[in-house]
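Inspection log for the structure reproduced underneath, given as structure tokens.
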Amino acid sequence: MPENEPVDPAAPWEYTLYIPNDLRAVTVCRRTLRLILTMHGLIRLVDTAELLATELVSNAVRHTKGPAALRVRWAAGVLRVGAWDADPGPPEPPGNLDALTEAEKGRGLALVRACADLWGWQPLARGGNRGKYVWCDLVAA
């Protein structure tokens, strides 16, 4: 599509960024997500989406040994941010965020549950690797 051709802002889109098992990938994902949302005119969702993506991707990288991926999808006024990792086991259930304010770890999914409109996980195979996809939704009000 030529650069000057108008784009329908309501049109659905999806990006997937495959990452190595490396903590530096968390920053790469966060900055890539900021760029994607800015380019799609969703700047009002950037701060919350960045926080949630950071938690999901850092869990994928910290708690598994294989590759991972960040997936960002926009459809019907909902932004879905998710992380795939190569561990098929379910994520630890989120604790109570108030009880975790001073904790060094364990806040990730509690923060996701508190900030997202909806979240969940499902088993998902990618490229022959069994794993799981942990996602959260932000509704653009």
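Convention: chains lettered A, B, ... in structure tokens order; per-chain residue numbering from 1; ligands numbered from 1 as shown.
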
- What lies within 8 Å of region 38-52 of chain A using only C-alpha atoms, ignoring chain neighbours under 4 positions off, as a list in words?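 The contact residues come out as Pro9, Arg30, Leu33, Arg34, Leu56, Val81, Leu111, Val112, Cys115, Ala116, Cys136, Leu138 and Ala140 of chain A.
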
- Residues at most 9 Å from Tyr15 (chain A), counting only C-alpha atoms, excluding those fewer than 6 positions away in the same chain, as number ranges by chain? A: 36, 70-73

Using the selection just defined, write its residues with N, CA, C and O atoms as a short mmCIF file (atom, residue, chain, number, x, y, z; two decimals), in the first residue's frame.
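Output (result-v3.cif):
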data_model
loop_
_atom_site.label_atom_id
_atom_site.label_comp_id
_atom_site.auth_asym_id
_atom_site.auth_seq_id
_atom_site.Cartn_x
_atom_site.Cartn_y
_atom_site.Cartn_z
N ILE A 36 4.43 0.23 17.62
CA ILE A 36 3.24 -0.31 16.94
C ILE A 36 2.01 0.51 17.32
O ILE A 36 1.25 0.96 16.44
N LEU A 70 6.00 -12.27 21.47
CA LEU A 70 5.01 -11.26 21.84
C LEU A 70 4.02 -11.16 20.70
O LEU A 70 4.42 -11.06 19.55
N ARG A 71 2.73 -11.21 21.01
CA ARG A 71 1.71 -11.06 19.98
C ARG A 71 0.81 -9.89 20.37
O ARG A 71 0.37 -9.81 21.51
N VAL A 72 0.56 -9.00 19.43
CA VAL A 72 -0.27 -7.83 19.64
C VAL A 72 -1.34 -7.83 18.56
O VAL A 72 -1.02 -7.90 17.37
N ARG A 73 -2.60 -7.76 18.98
CA ARG A 73 -3.70 -7.82 18.02
C ARG A 73 -4.73 -6.75 18.33
O ARG A 73 -5.06 -6.51 19.50
#

Those of chain A in DSSP alpha helix (DSSP H), formatted as a compact mmCIF listing (two decimals) with N, CA and C atoms, in the first residue's frame:
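What landed in states.txt:
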# COMPACT_ATOMS: atom_id res chain seq x y z
N ARG A 24 17.02 -9.25 27.79
CA ARG A 24 17.05 -8.02 26.98
C ARG A 24 15.88 -7.95 26.02
N ALA A 25 15.31 -9.11 25.69
CA ALA A 25 14.16 -9.15 24.77
C ALA A 25 12.94 -8.45 25.37
N VAL A 26 12.87 -8.35 26.69
CA VAL A 26 11.74 -7.67 27.32
C VAL A 26 11.73 -6.19 26.90
N THR A 27 12.88 -5.55 26.92
CA THR A 27 12.98 -4.15 26.50
C THR A 27 12.69 -4.00 25.01
N VAL A 28 13.19 -4.93 24.21
CA VAL A 28 12.92 -4.90 22.77
C VAL A 28 11.41 -4.98 22.53
N CYS A 29 10.74 -5.86 23.23
CA CYS A 29 9.28 -6.01 23.08
C CYS A 29 8.55 -4.74 23.51
N ARG A 30 8.94 -4.19 24.64
CA ARG A 30 8.28 -2.98 25.15
C ARG A 30 8.41 -1.83 24.16
N ARG A 31 9.59 -1.62 23.64
CA ARG A 31 9.80 -0.52 22.69
C ARG A 31 9.11 -0.78 21.36
N THR A 32 9.10 -2.03 20.91
CA THR A 32 8.41 -2.37 19.67
C THR A 32 6.91 -2.15 19.83
N LEU A 33 6.37 -2.56 20.96
CA LEU A 33 4.94 -2.36 21.23
C LEU A 33 4.58 -0.88 21.22
N ARG A 34 5.40 -0.05 21.85
CA ARG A 34 5.17 1.40 21.86
C ARG A 34 5.11 1.93 20.43
N LEU A 35 6.02 1.51 19.59
CA LEU A 35 6.06 1.96 18.20
C LEU A 35 4.81 1.49 17.44
N ILE A 36 4.43 0.23 17.62
CA ILE A 36 3.24 -0.31 16.94
C ILE A 36 2.01 0.51 17.32
N LEU A 37 1.80 0.71 18.61
CA LEU A 37 0.60 1.42 19.06
C LEU A 37 0.61 2.88 18.63
N THR A 38 1.77 3.51 18.65
CA THR A 38 1.88 4.91 18.19
C THR A 38 1.54 5.01 16.71
N MET A 39 2.08 4.10 15.91
CA MET A 39 1.83 4.13 14.47
C MET A 39 0.37 3.86 14.13
N VAL A 46 -0.78 3.05 25.30
CA VAL A 46 0.64 2.66 25.34
C VAL A 46 1.12 2.32 26.74
N ASP A 47 0.91 3.21 27.71
CA ASP A 47 1.50 3.00 29.04
C ASP A 47 1.00 1.70 29.68
N THR A 48 -0.30 1.49 29.66
CA THR A 48 -0.85 0.27 30.26
C THR A 48 -0.42 -0.97 29.47
N ALA A 49 -0.47 -0.89 28.15
CA ALA A 49 -0.08 -2.02 27.31
C ALA A 49 1.39 -2.38 27.53
N GLU A 50 2.24 -1.37 27.65
CA GLU A 50 3.67 -1.62 27.90
C GLU A 50 3.87 -2.34 29.22
N LEU A 51 3.19 -1.88 30.26
CA LEU A 51 3.29 -2.51 31.58
C LEU A 51 2.88 -3.98 31.50
N LEU A 52 1.74 -4.23 30.86
CA LEU A 52 1.23 -5.60 30.77
C LEU A 52 2.13 -6.49 29.92
N ALA A 53 2.59 -5.97 28.78
CA ALA A 53 3.50 -6.74 27.93
C ALA A 53 4.79 -7.07 28.66
N THR A 54 5.31 -6.11 29.42
CA THR A 54 6.53 -6.33 30.18
C THR A 54 6.35 -7.49 31.15
N GLU A 55 5.23 -7.51 31.86
CA GLU A 55 4.97 -8.59 32.81
C GLU A 55 4.85 -9.93 32.09
N LEU A 56 4.07 -9.98 31.00
CA LEU A 56 3.85 -11.24 30.30
C LEU A 56 5.14 -11.78 29.67
N VAL A 57 5.88 -10.90 28.99
CA VAL A 57 7.11 -11.34 28.31
C VAL A 57 8.19 -11.70 29.33
N SER A 58 8.32 -10.93 30.40
CA SER A 58 9.35 -11.26 31.38
C SER A 58 9.03 -12.60 32.05
N ASN A 59 7.75 -12.90 32.29
CA ASN A 59 7.39 -14.23 32.81
C ASN A 59 7.80 -15.32 31.81
N ALA A 60 7.51 -15.10 30.53
CA ALA A 60 7.85 -16.09 29.51
C ALA A 60 9.35 -16.34 29.46
N VAL A 61 10.14 -15.29 29.58
CA VAL A 61 11.60 -15.43 29.49
C VAL A 61 12.20 -15.97 30.79
N ARG A 62 11.70 -15.51 31.93
CA ARG A 62 12.26 -15.93 33.23
C ARG A 62 11.92 -17.36 33.59
N GLY A 108 3.48 -10.19 38.87
CA GLY A 108 3.20 -10.07 37.44
C GLY A 108 1.76 -10.30 37.04
N LEU A 109 1.25 -11.50 37.28
CA LEU A 109 -0.11 -11.78 36.85
C LEU A 109 -1.14 -11.06 37.71
N ALA A 110 -0.81 -10.76 38.97
CA ALA A 110 -1.72 -9.96 39.80
C ALA A 110 -1.87 -8.57 39.19
N LEU A 111 -0.77 -8.03 38.69
CA LEU A 111 -0.80 -6.72 38.03
C LEU A 111 -1.60 -6.80 36.72
N VAL A 112 -1.40 -7.87 35.97
CA VAL A 112 -2.16 -8.06 34.73
C VAL A 112 -3.65 -8.14 35.06
N ARG A 113 -4.01 -8.94 36.05
CA ARG A 113 -5.41 -9.07 36.43
C ARG A 113 -6.00 -7.72 36.86
N ALA A 114 -5.21 -6.91 37.57
CA ALA A 114 -5.70 -5.63 38.07
C ALA A 114 -5.84 -4.58 36.96
N CYS A 115 -4.98 -4.60 35.96
CA CYS A 115 -4.95 -3.54 34.94
C CYS A 115 -5.68 -3.88 33.65

- Please give the complete set of residues from chain A that DSSP, run on the backbone, assigns to strand (DSSP E or B), formatted as a PyMOL selection string. chain A and resi 13-19+68-75+78-85+118-123+126+129+132-139

Next, write the just-selected residues to a file, as a short mmCIF file (atom, residue, chain, number, x, y, z; two decimals), in the first residue's frame, keeping N, CA, C and O atoms as the atom set.
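Output (part-v4.cif):
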data_model
loop_
_atom_site.label_atom_id
_atom_site.label_comp_id
_atom_site.auth_asym_id
_atom_site.auth_seq_id
_atom_site.Cartn_x
_atom_site.Cartn_y
_atom_site.Cartn_z
N TRP A 13 -5.68 -5.77 12.86
CA TRP A 13 -4.28 -6.06 12.52
C TRP A 13 -3.67 -6.91 13.62
O TRP A 13 -4.21 -7.00 14.72
N GLU A 14 -2.53 -7.53 13.30
CA GLU A 14 -1.82 -8.35 14.28
C GLU A 14 -0.33 -8.35 13.96
O GLU A 14 0.06 -8.40 12.79
N TYR A 15 0.48 -8.29 15.01
CA TYR A 15 1.94 -8.39 14.90
C TYR A 15 2.41 -9.49 15.84
O TYR A 15 1.88 -9.65 16.94
N THR A 16 3.44 -10.22 15.41
CA THR A 16 4.08 -11.20 16.28
C THR A 16 5.59 -10.97 16.21
O THR A 16 6.16 -10.87 15.12
N LEU A 17 6.20 -10.86 17.38
CA LEU A 17 7.64 -10.66 17.49
C LEU A 17 8.22 -11.88 18.20
O LEU A 17 7.93 -12.11 19.38
N TYR A 18 8.99 -12.69 17.48
CA TYR A 18 9.62 -13.86 18.07
C TYR A 18 10.90 -13.43 18.76
O TYR A 18 11.69 -12.67 18.21
N ILE A 19 11.11 -13.93 19.98
CA ILE A 19 12.26 -13.47 20.78
C ILE A 19 13.03 -14.67 21.34
O ILE A 19 12.45 -15.74 21.57
N ALA A 68 10.33 -17.57 22.82
CA ALA A 68 9.07 -16.94 23.23
C ALA A 68 8.63 -15.99 22.11
O ALA A 68 9.35 -15.79 21.14
N ALA A 69 7.46 -15.42 22.28
CA ALA A 69 6.95 -14.47 21.29
C ALA A 69 5.99 -13.50 21.96
O ALA A 69 5.27 -13.87 22.89
N LEU A 70 6.00 -12.27 21.47
CA LEU A 70 5.01 -11.26 21.84
C LEU A 70 4.02 -11.16 20.70
O LEU A 70 4.42 -11.06 19.55
N ARG A 71 2.73 -11.21 21.01
CA ARG A 71 1.71 -11.06 19.98
C ARG A 71 0.81 -9.89 20.37
O ARG A 71 0.37 -9.81 21.51
N VAL A 72 0.56 -9.00 19.43
CA VAL A 72 -0.27 -7.83 19.64
C VAL A 72 -1.34 -7.83 18.56
O VAL A 72 -1.02 -7.90 17.37
N ARG A 73 -2.60 -7.76 18.98
CA ARG A 73 -3.70 -7.82 18.02
C ARG A 73 -4.73 -6.75 18.33
O ARG A 73 -5.06 -6.51 19.50
N TRP A 74 -5.24 -6.10 17.30
CA TRP A 74 -6.29 -5.10 17.42
C TRP A 74 -7.48 -5.57 16.60
O TRP A 74 -7.34 -5.87 15.41
N ALA A 75 -8.65 -5.65 17.21
CA ALA A 75 -9.87 -6.02 16.49
C ALA A 75 -11.07 -5.57 17.31
O ALA A 75 -11.09 -5.74 18.54
N VAL A 78 -10.66 -3.71 20.65
CA VAL A 78 -9.98 -4.40 21.75
C VAL A 78 -8.53 -4.67 21.34
O VAL A 78 -8.26 -5.20 20.26
N LEU A 79 -7.60 -4.29 22.23
CA LEU A 79 -6.19 -4.59 22.04
C LEU A 79 -5.87 -5.82 22.87
O LEU A 79 -6.08 -5.81 24.08
N ARG A 80 -5.40 -6.88 22.21
CA ARG A 80 -4.95 -8.08 22.93
C ARG A 80 -3.44 -8.13 22.87
O ARG A 80 -2.84 -8.07 21.80
N VAL A 81 -2.83 -8.22 24.04
CA VAL A 81 -1.38 -8.36 24.17
C VAL A 81 -1.13 -9.71 24.80
O VAL A 81 -1.75 -10.04 25.83
N GLY A 82 -0.27 -10.50 24.20
CA GLY A 82 -0.01 -11.82 24.75
C GLY A 82 1.42 -12.26 24.57
O GLY A 82 2.15 -11.72 23.75
N ALA A 83 1.80 -13.24 25.37
CA ALA A 83 3.14 -13.82 25.28
C ALA A 83 3.01 -15.32 25.16
O ALA A 83 2.29 -15.96 25.94
N TRP A 84 3.67 -15.88 24.16
CA TRP A 84 3.76 -17.32 24.01
C TRP A 84 5.09 -17.77 24.56
O TRP A 84 6.11 -17.08 24.40
N ASP A 85 5.11 -18.93 25.24
CA ASP A 85 6.39 -19.51 25.66
C ASP A 85 6.33 -21.02 25.46
O ASP A 85 5.26 -21.58 25.18
N LEU A 118 -9.61 -8.07 30.72
CA LEU A 118 -9.81 -9.51 30.71
C LEU A 118 -8.44 -10.14 30.51
O LEU A 118 -7.58 -9.55 29.86
N TRP A 119 -8.20 -11.32 31.07
CA TRP A 119 -6.94 -12.02 30.82
C TRP A 119 -7.20 -13.52 30.89
O TRP A 119 -8.23 -13.97 31.41
N GLY A 120 -6.27 -14.28 30.34
CA GLY A 120 -6.40 -15.72 30.40
C GLY A 120 -5.18 -16.39 29.80
O GLY A 120 -4.19 -15.74 29.47
N TRP A 121 -5.26 -17.69 29.66
CA TRP A 121 -4.16 -18.45 29.04
C TRP A 121 -4.76 -19.67 28.36
O TRP A 121 -5.87 -20.08 28.66
N GLN A 122 -4.00 -20.22 27.42
CA GLN A 122 -4.42 -21.43 26.73
C GLN A 122 -3.19 -22.17 26.24
O GLN A 122 -2.16 -21.55 25.95
N PRO A 123 -3.28 -23.50 26.14
CA PRO A 123 -2.17 -24.25 25.52
C PRO A 123 -2.08 -23.84 24.05
O PRO A 123 -3.11 -23.59 23.42
N ARG A 126 3.57 -23.84 18.68
CA ARG A 126 4.14 -22.92 17.67
C ARG A 126 5.38 -23.56 17.09
O ARG A 126 6.29 -23.89 17.83
N ASN A 129 6.84 -26.55 18.68
CA ASN A 129 7.07 -26.47 20.12
C ASN A 129 5.73 -26.37 20.84
O ASN A 129 4.93 -25.50 20.53
N LYS A 132 2.38 -22.43 25.83
CA LYS A 132 1.15 -21.77 26.25
C LYS A 132 1.18 -20.32 25.79
O LYS A 132 2.23 -19.75 25.53
N TYR A 133 -0.01 -19.75 25.73
CA TYR A 133 -0.20 -18.35 25.35
C TYR A 133 -0.95 -17.68 26.50
O TYR A 133 -2.06 -18.09 26.83
N VAL A 134 -0.32 -16.69 27.13
CA VAL A 134 -0.93 -15.93 28.21
C VAL A 134 -1.24 -14.56 27.63
O VAL A 134 -0.37 -13.91 27.06
N TRP A 135 -2.50 -14.11 27.74
CA TRP A 135 -2.93 -12.90 27.06
C TRP A 135 -3.76 -12.01 27.99
O TRP A 135 -4.25 -12.47 29.03
N CYS A 136 -3.89 -10.77 27.59
CA CYS A 136 -4.79 -9.84 28.27
C CYS A 136 -5.36 -8.87 27.26
O CYS A 136 -4.77 -8.60 26.22
N ASP A 137 -6.56 -8.37 27.56
CA ASP A 137 -7.26 -7.45 26.67
C ASP A 137 -7.39 -6.08 27.32
O ASP A 137 -7.64 -5.98 28.52
N LEU A 138 -7.23 -5.06 26.49
CA LEU A 138 -7.52 -3.68 26.87
C LEU A 138 -8.59 -3.19 25.92
O LEU A 138 -8.40 -3.19 24.70
N VAL A 139 -9.71 -2.76 26.46
CA VAL A 139 -10.81 -2.24 25.64
C VAL A 139 -10.58 -0.75 25.47
O VAL A 139 -10.40 -0.02 26.45
#

- With distances taken over only C-alpha atoms, which of A:His63, A:Asp8, A:Ala125, A:Arg107 is nearest to Pro91 (chain A)? A:His63

- Message: Rounded to one decimal, what separation in Å do you get between CA of Leu23 (chain A) and CA of Ala86 (chain A)?
- Response: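 Computing the Euclidean distance for CA of Leu23 (chain A) and CA of Ala86 (chain A) yields 15.5 Å.
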
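Reported to one decimal place, the separation of CA of Gly131 (chain A) from CA of Pro90 (chain A) is 9.3 Å.
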
- Message: Let me make sure I understand: among A:Ala76, A:Pro93, A:Asp117, A:Asp87, which one has the smallest atom-to-atom distance to Ala10 (chain A) if we use only C-alpha atoms?
- Response: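 Comparing A:Ala76, A:Pro93, A:Asp117, A:Asp87 against Ala10 (chain A), the winner is A:Ala76.
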